[in-house]
>>> print(open('entry31.txt').read())   # compact mmCIF, C-alpha atoms
# COMPACT_ATOMS: atom_id res chain seq x y z
CA MET A 1 0.00 0.00 0.00
CA GLU A 2 2.83 2.33 0.93
CA LEU A 3 4.43 1.79 -2.46
CA LEU A 4 1.09 2.39 -4.18
CA ASN A 5 0.80 5.78 -2.47
CA GLN A 6 4.32 6.75 -3.44
CA VAL A 7 3.74 5.81 -7.07
CA LYS A 8 0.42 7.67 -7.04
CA ALA A 9 2.09 10.77 -5.64
CA ILE A 10 4.65 10.67 -8.46
CA LEU A 11 1.91 10.17 -11.08
CA CYS A 12 -0.13 13.08 -9.74
CA SER A 13 2.94 15.29 -9.67
CA VAL A 14 4.04 14.45 -13.23
CA LEU A 15 0.55 14.50 -14.72
CA GLN A 16 -0.40 17.58 -12.67
CA VAL A 17 -3.64 16.09 -11.45
CA ASP A 18 -4.86 16.92 -7.99
CA GLU A 19 -4.66 13.83 -5.82
CA SER A 20 -7.86 14.60 -3.94
CA HIS A 21 -9.88 15.20 -7.12
CA HIS A 22 -8.41 12.42 -9.12
CA SER A 23 -8.94 9.18 -7.25
CA LEU A 24 -6.38 6.90 -8.83
CA THR A 25 -6.74 3.31 -7.67
CA ILE A 26 -4.64 0.25 -8.31
CA ASP A 27 -6.93 -0.64 -11.24
CA SER A 28 -6.92 2.78 -12.93
CA PRO A 29 -5.82 2.45 -16.54
CA LEU A 30 -3.02 4.82 -17.62
CA LEU A 31 -1.79 4.42 -21.20
CA GLY A 32 -4.52 5.23 -23.68
CA ALA A 33 -6.95 6.13 -20.90
CA ILE A 34 -5.51 9.34 -19.47
CA PRO A 35 -4.74 11.81 -22.26
CA GLU A 36 -1.88 13.34 -20.26
CA VAL A 37 0.03 10.05 -20.45
CA ASP A 38 2.00 10.71 -23.64
CA SER A 39 5.60 9.80 -24.45
CA MET A 40 6.83 12.91 -22.64
CA ALA A 41 4.92 11.90 -19.51
CA VAL A 42 6.16 8.31 -19.70
CA VAL A 43 9.75 9.55 -19.75
CA SER A 44 9.04 11.96 -16.88
CA ILE A 45 7.50 9.15 -14.83
CA ILE A 46 10.47 6.86 -15.44
CA THR A 47 12.92 9.62 -14.51
CA ALA A 48 10.95 10.49 -11.37
CA LEU A 49 10.88 6.82 -10.31
CA GLU A 50 14.63 6.53 -10.87
CA ASP A 51 15.26 9.68 -8.83
CA ARG A 52 12.93 8.61 -6.06
CA PHE A 53 13.88 4.94 -5.71
CA GLY A 54 17.46 5.01 -6.95
CA PHE A 55 17.20 2.24 -9.56
CA VAL A 56 18.02 2.51 -13.25
CA VAL A 57 15.46 1.55 -15.88
CA ASP A 58 16.89 -0.28 -18.89
CA ASP A 59 15.64 0.46 -22.40
CA ASP A 60 14.08 -2.93 -22.88
CA GLU A 61 12.08 -2.43 -19.70
CA ILE A 62 10.29 0.55 -21.23
CA ASP A 63 7.28 -1.51 -22.22
CA ALA A 64 3.65 -0.55 -22.79
CA ALA A 65 2.56 -3.32 -20.41
CA VAL A 66 4.28 -1.51 -17.51
CA PHE A 67 2.18 1.61 -18.11
CA GLU A 68 -1.13 -0.18 -18.60
CA THR A 69 -2.51 0.52 -15.11
CA VAL A 70 -1.41 2.04 -11.84
CA GLY A 71 -1.11 -1.53 -10.54
CA SER A 72 1.19 -2.69 -13.34
CA LEU A 73 3.44 0.30 -12.66
CA VAL A 74 3.52 -0.49 -8.94
CA ASP A 75 4.37 -4.14 -9.78
CA PHE A 76 7.21 -2.89 -11.94
CA VAL A 77 8.62 -0.72 -9.15
CA GLU A 78 8.28 -3.63 -6.72
CA HIS A 79 10.17 -5.87 -9.13
CA LYS A 80 12.93 -3.25 -9.54
CA LEU A 81 13.29 -2.88 -5.78
CA ALA A 82 13.38 -6.61 -5.15
CA MET B 1 11.91 45.00 -21.90
CA LYS B 2 13.41 45.30 -25.37
CA PRO B 3 13.36 42.55 -27.99
CA LEU B 4 16.45 42.73 -30.18
CA PHE B 5 18.70 40.80 -32.51
CA LEU B 6 22.32 40.33 -31.46
CA PRO B 7 24.85 40.18 -34.26
CA ALA B 8 26.58 36.80 -34.19
CA ASP B 9 28.90 34.83 -36.45
CA VAL B 10 26.19 32.36 -37.38
CA GLY B 11 23.47 34.97 -37.99
CA PRO B 12 21.29 37.20 -35.82
CA LEU B 13 20.30 35.86 -32.40
CA PHE B 14 17.00 36.86 -30.89
CA ALA B 15 17.20 38.18 -27.34
CA LEU B 16 15.09 39.94 -24.74
CA TYR B 17 16.91 42.70 -22.90
CA PHE B 18 15.68 43.92 -19.52
CA PRO B 19 17.58 47.13 -18.71
CA PRO B 20 18.24 47.73 -15.02
CA ILE B 21 15.56 49.87 -13.38
CA ASN B 22 16.90 53.02 -11.64
CA HIS B 23 20.43 51.79 -11.94
CA SER B 24 23.30 52.04 -14.40
CA VAL B 25 24.37 48.96 -16.35
CA ASN B 26 27.09 47.53 -14.21
CA ARG B 27 26.00 44.14 -13.00
CA ALA B 28 24.51 41.91 -15.68
CA ILE B 29 22.85 38.53 -15.76
CA LEU B 30 22.78 36.33 -18.84
CA HIS B 31 20.28 33.50 -18.97
CA VAL B 32 21.58 30.21 -20.38
CA PRO B 33 18.45 28.35 -21.44
CA ALA B 34 17.19 24.82 -21.03
CA PHE B 35 17.09 22.34 -23.90
CA ALA B 36 14.38 21.84 -26.54
CA GLU B 37 10.86 21.64 -25.10
CA GLU B 38 12.10 22.55 -21.62
CA MET B 39 13.16 25.94 -22.97
CA ASN B 40 9.72 26.58 -24.49
CA LYS B 41 7.90 25.52 -21.35
CA SER B 42 10.02 27.77 -19.13
CA ARG B 43 9.83 30.97 -21.23
CA ARG B 44 7.24 32.66 -19.07
CA MET B 45 8.94 31.84 -15.80
CA ILE B 46 12.31 33.02 -17.17
CA ALA B 47 10.79 36.33 -18.31
CA LEU B 48 9.20 36.86 -14.88
CA GLN B 49 12.52 36.24 -13.14
CA ALA B 50 14.34 38.53 -15.57
CA ARG B 51 11.91 41.36 -14.77
CA ALA B 52 12.42 40.76 -11.05
CA PHE B 53 16.20 40.95 -11.49
CA ALA B 54 15.88 44.19 -13.49
CA GLU B 55 13.88 45.71 -10.63
CA GLN B 56 16.86 44.95 -8.39
CA GLY B 57 19.14 46.94 -10.71
CA TYR B 58 20.54 44.13 -12.86
CA ALA B 59 20.78 44.24 -16.63
CA VAL B 60 19.33 40.94 -17.84
CA LEU B 61 19.60 39.28 -21.22
CA ILE B 62 17.58 36.23 -22.29
CA LEU B 63 19.09 34.70 -25.38
CA ASP B 64 17.65 32.29 -27.93
CA LEU B 65 20.60 30.10 -28.86
CA PHE B 66 21.32 29.42 -32.54
CA GLY B 67 18.61 27.22 -34.06
CA THR B 68 16.17 27.81 -31.19
CA GLY B 69 13.30 30.22 -30.61
CA ASP B 70 13.40 33.19 -32.98
CA SER B 71 17.13 33.09 -33.64
CA ALA B 72 18.75 32.29 -36.98
CA GLY B 73 19.32 28.70 -38.01
CA ASP B 74 17.60 25.34 -37.72
CA PHE B 75 17.82 23.27 -34.57
CA GLY B 76 19.29 20.45 -36.63
CA ASP B 77 22.30 22.64 -37.52
CA ALA B 78 23.05 23.66 -33.94
CA THR B 79 26.27 22.34 -32.42
CA TRP B 80 27.65 22.63 -28.89
CA GLN B 81 30.52 24.78 -30.19
CA ILE B 82 28.13 27.26 -31.82
CA TRP B 83 26.18 27.57 -28.57
CA LEU B 84 29.38 28.23 -26.59
CA GLN B 85 30.19 30.93 -29.13
CA ASN B 86 26.67 32.39 -28.70
CA ILE B 87 27.30 32.76 -24.96
CA ALA B 88 30.56 34.61 -25.69
CA GLU B 89 28.75 36.91 -28.14
CA ALA B 90 25.99 37.68 -25.65
CA ILE B 91 28.52 38.50 -22.91
CA ALA B 92 30.41 40.74 -25.35
CA TRP B 93 27.16 42.60 -26.05
CA LEU B 94 26.48 43.04 -22.32
CA ASN B 95 30.02 44.34 -21.86
CA GLN B 96 29.38 46.89 -24.61
CA GLN B 97 26.35 48.10 -22.63
CA GLY B 98 28.66 48.71 -19.68
CA ALA B 99 28.39 45.46 -17.75
CA GLN B 100 31.40 44.59 -15.63
CA ALA B 101 30.31 41.75 -13.38
CA ILE B 102 28.62 38.92 -15.28
CA THR B 103 26.39 36.31 -13.68
CA LEU B 104 25.36 33.28 -15.70
CA TRP B 105 21.90 32.08 -14.74
CA SER B 106 21.06 28.67 -16.15
CA LEU B 107 18.10 26.33 -16.23
CA ARG B 108 18.55 22.54 -16.57
CA LEU B 109 20.99 21.73 -19.41
CA GLY B 110 22.03 25.39 -19.48
CA ALA B 111 24.13 24.54 -16.41
CA LEU B 112 26.50 22.34 -18.40
CA LEU B 113 26.69 24.91 -21.20
CA ALA B 114 27.49 27.65 -18.66
CA MET B 115 30.13 25.50 -16.93
CA ASP B 116 31.72 24.44 -20.21
CA PHE B 117 31.85 28.12 -21.19
CA ILE B 118 33.57 28.95 -17.89
CA HIS B 119 36.02 26.10 -18.48
CA GLN B 120 36.96 27.52 -21.89
CA ASN B 121 36.83 31.20 -20.86
CA PRO B 122 38.28 31.51 -17.36
CA GLY B 123 37.92 34.87 -15.62
CA VAL B 124 34.91 36.10 -17.62
CA VAL B 125 32.11 35.03 -15.32
CA ASN B 126 31.63 36.32 -11.82
CA ARG B 127 28.74 34.29 -10.42
CA LEU B 128 26.84 31.20 -11.34
CA LEU B 129 23.15 30.67 -10.59
CA LEU B 130 21.91 27.16 -11.39
CA TRP B 131 18.20 26.32 -11.49
CA GLN B 132 17.64 22.55 -11.38
CA PRO B 133 21.03 21.90 -12.99
CA VAL B 134 21.85 19.00 -15.27
CA LEU B 135 25.28 17.88 -14.05
CA ASN B 136 25.87 14.85 -16.26
CA GLY B 137 25.53 15.13 -20.06
CA ASP B 138 25.35 11.39 -20.68
CA VAL B 139 22.47 10.89 -18.24
CA PHE B 140 20.63 13.85 -19.75
CA ILE B 141 21.01 12.61 -23.33
CA THR B 142 19.85 9.13 -22.30
CA GLN B 143 16.73 10.66 -20.79
CA PHE B 144 16.13 12.76 -23.91
CA LEU B 145 16.59 9.77 -26.24
CA ARG B 146 14.04 7.89 -24.18
CA LEU B 147 11.39 10.20 -25.66
CA ARG B 148 11.96 8.37 -28.94
CA VAL B 149 11.95 4.97 -27.23
CA ALA B 150 8.74 5.86 -25.38
CA ALA B 151 7.06 7.13 -28.57
CA ALA B 152 7.92 3.82 -30.25
CA MET B 153 6.56 1.94 -27.24
CA MET B 154 3.21 3.64 -27.82
CA ASN B 155 3.18 3.00 -31.56
CA SER B 156 4.08 -0.49 -32.70
CA ALA B 157 4.43 0.75 -36.29
CA LEU B 158 7.64 2.52 -35.26
CA PRO B 159 10.91 0.60 -34.95
CA GLN B 160 11.55 -0.50 -31.35
CA GLU B 161 14.93 0.98 -30.47
CA LYS B 162 17.25 1.31 -27.51
CA THR B 163 18.91 4.50 -26.30
CA SER B 164 22.29 2.76 -26.46
CA ASP B 165 21.80 2.11 -30.21
CA LEU B 166 20.64 5.68 -30.77
CA LYS B 167 23.76 6.95 -28.97
CA LYS B 168 25.93 4.79 -31.22
CA GLN B 169 24.32 6.34 -34.30
CA LEU B 170 25.04 9.84 -32.99
CA LEU B 171 28.62 8.92 -32.09
CA ALA B 172 29.05 7.59 -35.63
CA GLY B 173 28.17 11.07 -36.91
CA GLN B 174 24.52 10.52 -37.85
CA SER B 175 21.78 13.06 -37.16
CA LEU B 176 18.76 11.79 -35.27
CA GLU B 177 15.24 13.07 -34.79
CA VAL B 178 13.84 12.90 -31.27
CA ALA B 179 10.47 14.35 -30.24
CA GLY B 180 10.46 16.64 -33.29
CA TYR B 181 14.02 17.88 -32.72
CA ALA B 182 16.77 16.97 -35.18
CA LEU B 183 19.93 16.34 -33.16
CA HIS B 184 23.24 17.20 -34.81
CA PRO B 185 25.94 14.69 -33.84
CA ASP B 186 28.21 17.61 -32.89
CA LEU B 187 25.60 18.87 -30.49
CA VAL B 188 25.39 15.54 -28.70
CA ARG B 189 28.94 14.19 -28.87
CA PRO B 190 30.61 16.86 -26.70
CA LEU B 191 27.67 16.66 -24.33
CA LEU B 192 27.99 12.90 -23.81
CA ALA B 193 31.46 13.47 -22.40
CA LEU B 194 30.52 16.43 -20.21
CA LYS B 195 30.17 16.45 -16.43
CA ALA B 196 30.18 19.29 -13.96
CA ASP B 197 33.79 19.79 -12.92
CA CYS B 198 34.67 21.74 -9.78
CA LEU B 199 38.21 22.45 -11.00
CA ASP B 200 36.80 24.85 -13.57
CA LEU B 201 34.77 26.71 -11.00
CA GLN B 202 37.48 27.76 -8.56
CA ASN B 203 37.55 31.35 -9.78
CA ILE B 204 33.80 31.79 -9.52
CA LYS B 205 32.89 34.11 -6.67
CA GLU B 206 29.72 32.27 -5.74
CA ILE B 207 27.63 29.35 -6.97
CA VAL B 208 23.94 29.28 -6.06
CA ILE B 209 21.91 26.14 -6.77
CA TYR B 210 18.14 25.73 -6.58
CA GLU B 211 16.50 22.34 -6.74
CA LEU B 212 12.81 21.46 -6.94
CA ALA B 213 11.62 19.39 -3.96
CA ALA B 214 11.05 15.84 -5.21
CA VAL B 215 7.96 13.83 -4.32
CA GLY B 216 8.52 11.89 -1.12
CA ASN B 217 11.95 13.36 -0.45
CA GLU B 218 10.81 15.50 2.50
CA GLY B 219 12.51 18.65 1.30
CA LYS B 220 15.95 17.04 1.13
CA PRO B 221 18.15 17.70 -1.90
CA SER B 222 18.90 14.88 -4.33
CA LEU B 223 22.02 12.85 -3.72
CA VAL B 224 23.58 14.10 -6.98
CA ASN B 225 23.23 17.76 -6.03
CA GLN B 226 24.33 17.16 -2.44
CA GLN B 227 27.49 15.41 -3.65
CA PHE B 228 28.19 18.25 -6.09
CA LEU B 229 27.79 20.80 -3.29
CA ASN B 230 30.10 18.84 -0.98
CA LYS B 231 32.68 18.70 -3.74
CA LEU B 232 32.43 22.45 -4.35
CA HIS B 233 32.94 23.05 -0.63
CA SER B 234 35.96 20.73 -0.60
CA PHE B 235 37.47 23.05 -3.23
CA ASP B 236 36.70 26.03 -0.94
CA ILE B 237 34.18 27.37 -3.42
CA ASN B 238 31.45 29.58 -1.98
CA ALA B 239 28.34 27.57 -2.88
CA SER B 240 24.83 27.00 -1.60
CA LEU B 241 22.02 24.56 -2.38
CA THR B 242 18.38 25.36 -1.66
CA VAL B 243 15.38 23.09 -2.16
CA PHE B 244 12.20 24.89 -3.28
CA GLU B 245 8.58 23.77 -3.37
CA GLY B 246 6.42 24.25 -6.43
CA ASP B 247 5.71 23.09 -9.94
CA ASN B 248 8.12 21.71 -12.47
CA PHE B 249 7.74 24.69 -14.81
CA TRP B 250 10.21 23.40 -17.43
CA GLY B 251 8.55 20.02 -17.84
CA SER B 252 4.88 20.41 -17.07
CA GLN B 253 2.07 19.83 -19.55
CA GLU B 254 0.65 23.32 -19.07
CA ILE B 255 2.63 26.53 -18.77
CA VAL B 256 3.06 27.08 -15.03
CA THR B 257 5.12 29.41 -12.89
CA THR B 258 6.75 28.95 -9.51
CA PRO B 259 6.63 32.38 -7.80
CA ASN B 260 8.28 30.90 -4.74
CA LEU B 261 11.51 30.30 -6.68
CA ILE B 262 11.56 33.91 -7.92
CA GLU B 263 11.25 35.15 -4.32
CA LEU B 264 14.03 32.88 -3.09
CA THR B 265 16.29 33.87 -5.98
CA ILE B 266 15.70 37.60 -5.46
CA ASP B 267 16.39 37.28 -1.72
CA LYS B 268 19.74 35.79 -2.68
CA ALA B 269 20.45 38.40 -5.35
CA LYS B 270 19.88 41.20 -2.82
CA GLN B 271 22.86 39.87 -0.87
CA TRP B 272 25.04 40.20 -3.97
CA LEU B 273 24.87 44.01 -3.85
>>> encode(input="entry31.txt", output="structure tokens")
Amino acid sequence: MELLNQVKAILCSVLQVDESHHSLTIDSPLLGAIPEVDSMAVVSIITALEDRFGFVVDDDEIDAAVFETVGSLVDFVEHKLA
Amino acid sequence: MKPLFLPADVGPLFALYFPPINHSVNRAILHVPAFAEEMNKSRRMIALQARAFAEQGYAVLILDLFGTGDSAGDFGDATWQIWLQNIAEAIAWLNQQGAQAITLWSLRLGALLAMDFIHQNPGVVNRLLLWQPVLNGDVFITQFLRLRVAAAMMNSALPQEKTSDLKKQLLAGQSLEVAGYALHPDLVRPLLALKADCLDLQNIKEIVIYELAAVGNEGKPSLVNQQFLNKLHSFDINASLTVFEGDNFWGSQEIVTTPNLIELTIDKAKQWL
């Protein structure tokens, strides 16, 4: 849950959506569902995750499946931290 | 505020000049801009800060580098060397107006351009003000190239590439288009090898760094900036690092400003008098 909140905070900050108004849940779709999630936003999210958690994302990990939902992104971060 | 064209070797460069208010031209600040879209996004914030500096008696020049904004040339023809030359030309113009003490004020990648300029032109610059500095050219280029990788991720009709392959193409002397910007190999190649180097900064009177508070970092600076600051101090360089709260005005979807940063920066500039 803690990780979910951290990822949500980063998403809200990059996408400039107000956390209280925009109730992102673990099932919220991202890519193709939120218009703000374009290639620029994807790169900003990756960079913010790297800065926050201190891991490095490899090119072949930049995959549409990772950005499908909030949950898939949290799973990815979990995997990177493992 | 006066829009003008500076004469330069490569053609006229567009600039905005903010003459000092109620003060003679003595102390001048040259803005060294961010890269590509980050420069466009930050225009408003940079103009607001420039006006605030002018009210404090500074002459301020905001320059569009060759191939950017309203200056001569195409982005795809811009090289790192041309941009270094543009900085020299802008400082020469400020000197002609009567400026004696020059501060370089950079945003993002402008930090590396400013520091490389100082490396190649020792003794010209007095102070260095770094807003959210990029300190490692390789890391920055990798992040920029990811825009192309991410665009391909979202469109399976595009070739699926890796940033390492894209870097190899640039190093081999090929131009590359990323997010609508044609990258000249001679813009990227020097940058890939560039890192902030304290040795070059020993003659700078003061270095002031501002960093945007990161999500979940509780107002602490990033490790990279903290290490850079420690290194500057170990060289006995007068340097400070301040974390500010607000929006990421160089990278946000909408044009936003961060008034808080202007206040902090002006408070600092008042101590320079």
>>> residues_near_point(input="entry31.txt", point="(13.4, 34.0, -16.0)", cutoff="10 Å", atoms="all atoms listed in the file", output="NGL selection string")
:B and (31 or 33 or 42-53 or 60-62 or 105-107 or 257 or 262)
>>> interface_residues(input="entry31.txt", of="chain B", to="chain A", cutoff="10 Å", atoms="only C-alpha atoms", output="VMD selection string")
chain B and resid 37 142 to 156 160 to 164 179 214 to 217 222 to 224 247 to 248 251 to 254
>>> residues_around(input="entry31.txt", residues="Leu171 (chain B)", least_positions_apart="2", cutoff="9 Å", atoms="all atoms listed in the file", output="PyMOL selection string")
chain B and resi 166-169+173-174+185-186+188-189
>>> write_last_selection(input="entry31.txt", atoms="C-alpha atoms", output="PDB file, keeping the file's coordinate frame")
ATOM      1  CA  LEU B 166      20.640   5.680 -30.770  1.00  0.00           C
ATOM      2  CA  LYS B 167      23.760   6.950 -28.970  1.00  0.00           C
ATOM      3  CA  LYS B 168      25.930   4.790 -31.220  1.00  0.00           C
ATOM      4  CA  GLN B 169      24.320   6.340 -34.300  1.00  0.00           C
ATOM      5  CA  GLY B 173      28.170  11.070 -36.910  1.00  0.00           C
ATOM      6  CA  GLN B 174      24.520  10.520 -37.850  1.00  0.00           C
ATOM      7  CA  PRO B 185      25.940  14.690 -33.840  1.00  0.00           C
ATOM      8  CA  ASP B 186      28.210  17.610 -32.890  1.00  0.00           C
ATOM      9  CA  VAL B 188      25.390  15.540 -28.700  1.00  0.00           C
ATOM     10  CA  ARG B 189      28.940  14.190 -28.870  1.00  0.00           C
TER      11      ARG B 189
END
>>> closest_residue(input="entry31.txt", among="B:Trp250, B:Phe35, B:Trp272, B:Tyr17", to="Ile141 (chain B)", atoms="only C-alpha atoms")
B:Phe35
>>> atom_distance(input="entry31.txt", atom1="CA of Glu2 (chain A)", atom2="CA of Lys220 (chain B)")
19.7 Å
>>> atom_distance(input="entry31.txt", atom1="CA of Ser234 (chain B)", atom2="CA of Glu206 (chain B)")
14.1 Å
>>> axis_aligned_box(input="entry31.txt", around="region 35-45 of chain A", padding_each_side="5 Å", output="lines of an AutoDock Vina configuration file")
center_x = 2.5
center_y = 10.8
center_z = -19.6
size_x = 24.5
size_y = 15.0
size_z = 19.6
>>> residues_around(input="entry31.txt", residues="Asp200 (chain B)", least_positions_apart="3", cutoff="10 Å", atoms="all atoms listed in the file", output="PyMOL selection string")
chain B and resi 115-122+196-197+203-204
>>> residues_around(input="entry31.txt", residues="Lys80 (chain A)", least_positions_apart="3", cutoff="8 Å", atoms="only C-alpha atoms", output="list in words")
Phe55, Phe76 and Val77 of chain A
>>> closest_residue(input="entry31.txt", among="B:Ala99, B:Gly11, B:Ile87, B:Glu245", to="His23 (chain B)", atoms="all atoms listed in the file")
B:Ala99
>>> closest_residue(input="entry31.txt", among="B:Thr68, B:Glu38, B:Leu241, B:Pro259", to="Gln227 (chain B)", atoms="all atoms listed in the file")
B:Leu241
>>> closest_residue(input="entry31.txt", among="B:Phe244, B:Cys198, B:Val208, B:Asp9", to="Lys231 (chain B)", atoms="all atoms listed in the file")
B:Cys198
>>> residues_around(input="entry31.txt", residues="Thr69 (chain A)", least_positions_apart="3", cutoff="12 Å", atoms="only C-alpha atoms", output="number ranges by chain")
A: 4, 7-8, 11, 24-34, 37, 64-66, 72-76
>>> atom_distance(input="entry31.txt", atom1="CA of Asn26 (chain B)", atom2="CA of Leu229 (chain B)")
28.9 Å
>>> residues_around(input="entry31.txt", residues="Glu89 (chain B)", least_positions_apart="4", cutoff="12 Å", atoms="only C-alpha atoms", output="MDAnalysis selection string")
chainID B and resid 5:13 15 30 61 63 65:66 82:85 93:96 117
>>> closest_residue(input="entry31.txt", among="B:Ile237, B:Ile266, B:Ala114, B:Ala88", to="Lys205 (chain B)", atoms="all atoms listed in the file")
B:Ile237
>>> residues_near_point(input="entry31.txt", point="(21.9, 19.7, -21.8)", cutoff="10 Å", atoms="all atoms listed in the file", output="list in words")
Pro33, Ala34, Phe35, Ala36, Trp80, Leu107, Arg108, Leu109, Gly110, Ala111, Leu112, Leu113, Pro133, Val134, Leu135, Asn136, Gly137, Asp138, Val139, Phe140, Ile141, Phe144, Leu187, Val188, Leu191, Leu192 and Leu194 of chain B
